[in-house]
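Asks: Before anything else, here's the structure in question.
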Amino acid sequence: RQAAEFGDGGATPNAARERQELDRRIRSEEDQIRHHMSHAEAHLQAMEMTAAERATAAPYLLPEMCHRVAAMLNYFLAHLVGPQRKKLKVSDPTKVGFNPKGLLRVITSIIIRLDAVSSDNVLAAGAVADQRSYSEGLYPACSELLRQTGIMSEIEAVQLEAFAERCRVIHSEAVEDEELMGDIPDDFTDPIMATLMRDPVILPASRAVLDRPTIARHLLTDPFDPFNRQPLKLEDLIPATELKERIDAWVAEKKKK
């Protein structure tokens with residue numbers, strides 16, 4: 001578009017050089033986009049292949065990984081089928097290797113495959129916990145688009161709709177629980193996420209208490225105690241058994257009321 005708006009740039013040598021520089025910059029950016037798209041497709045295809053079997057899919061479904069994986073998939077879908085898709089208009093998609101239908105197919109295939117080998121709705125719970133990109137209309141919109149374009153089979157569309165319904169139920173229950181719990185006592189609250197801890201653990205060096213999924217996600221990229229920067233490993237965490245019993249009793253009492 002920039003090149004088109006620039007026109008022939010007039011007849012001056014400076015204008016010709018500026019046009020050449022603009023063309024060079026556009027070609028360079030197209031090459032970068034094509035490179036990134038190629039790598040993204042390769043990574044997603046590898047993920048689709050490994051998501052098909054329980055043994056190879058297991059790392060994606062670990063407590064410290066599942067929320068990140070689900071949030072990533074939500075983010076991609078929100079841009080491909082949600083309101084954000086209007087920002088992805090490309091005049092010549094093939095020129096930069098942009099294949100939105102192919103991306104949508106492989107991403108939804110990953111979701112269906114991971115959900116099929118997961119237990120206790122962990123992927124659906126991870127998707128719903130993503131406050132950045134998840135909405136109740138995200139997966140139904142995806143399923144509708146799949147049907148319209150014929151990208152996936154009817155069976156796969158039905159599987160995605162079933163996943164969407166479970167997400168909706170989990171989200172509805174989470175909203176009800178949040179209203180039911182009201183104000184959470186400070187010693188039951190995760191100091192980083194400001195949410196109710198369900199599996200509190202003690203960090204041995206700082207003696208800080210966090211929810212296990214919170215510190216597990218932190219340790220994926222930073223193997224140090226976030227409070228005093230001492231080396232920390234997942235196996236070093238100490239279960240806060242007494243605190244967990246108090247939290248469980250408090251939750252049970254709230255639900256009873």
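Residues in the structure tokens are named by chain (A, B, ... in the order shown) and by number from 1 within that chain; ligands are numbered from 1 in the order shown.
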Can you pull out the residues contacting stretch 23-39 of chain A? Cut-off 8 Å, using only C-alpha atoms, and skip same-chain residues under 6 positions away; I want them as an MDAnalysis selection string.
Replies: chainID A and resid 3 95:98
Asks: List every residue of stretch 2-226 of chain A that DSSP, applied to the backbone of this structure, assigns to alpha helix (DSSP H), and report them as a PyMOL selection string.
Replies: chain A and resi 2-6+13-50+54-57+63-81+100-117+122-129+138-149+154-181+212-221
Asks: Which one of A:Glu144, A:Glu18, A:Asp190, A:Asp115 sits closest to A:Gln159 if you count only C-alpha atoms?
Replies: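 Under the stated criterion, the closest residue is A:Asp115.
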Asks: Quick check, in Å to one decimal: how far apart do atom CA of A:Arg147 and atom CA of A:Gln131 lie?
Replies: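 Interatomic distance, atom CA of A:Arg147 to atom CA of A:Gln131: 26.7 Å.
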Asks: Would you compute the distance between atom CA of A:Asp248 and atom CA of A:Asp225? Give it in Å to one decimal.
Replies: 26.1 Å
Asks: Name all residues at most 8 Å from A:Phe227 (count only C-alpha atoms; drop same-chain ones fewer than 2 positions away) and give them as an MDAnalysis selection string.
Replies: chainID A and resid 206 208 225 229
Asks: Within 10 Å of A:Phe76, counting only C-alpha atoms, which residues show up once you throw out same-chain ones fewer than 4 positions away? Write them as an MDAnalysis selection string, please.
Replies: chainID A and resid 71:72 80:82 84:85 103:104 107 133
Asks: Quick one: residues within 8 Å of A:Cys66, only C-alpha atoms counted, chain neighbours fewer than 4 positions away excluded, as a count of residues only?
Replies: 7
Asks: Looking only at strand (DSSP E) from DSSP on the backbone, list the matching residues of stretch 185-241 of chain A as a list in words.
Replies: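 Listing strand (DSSP E) positions across stretch 185-241 of chain A yields Pro200, Val201, Ile202, Val209, Leu210, Asp211, Ile238 and Pro239 of chain A.
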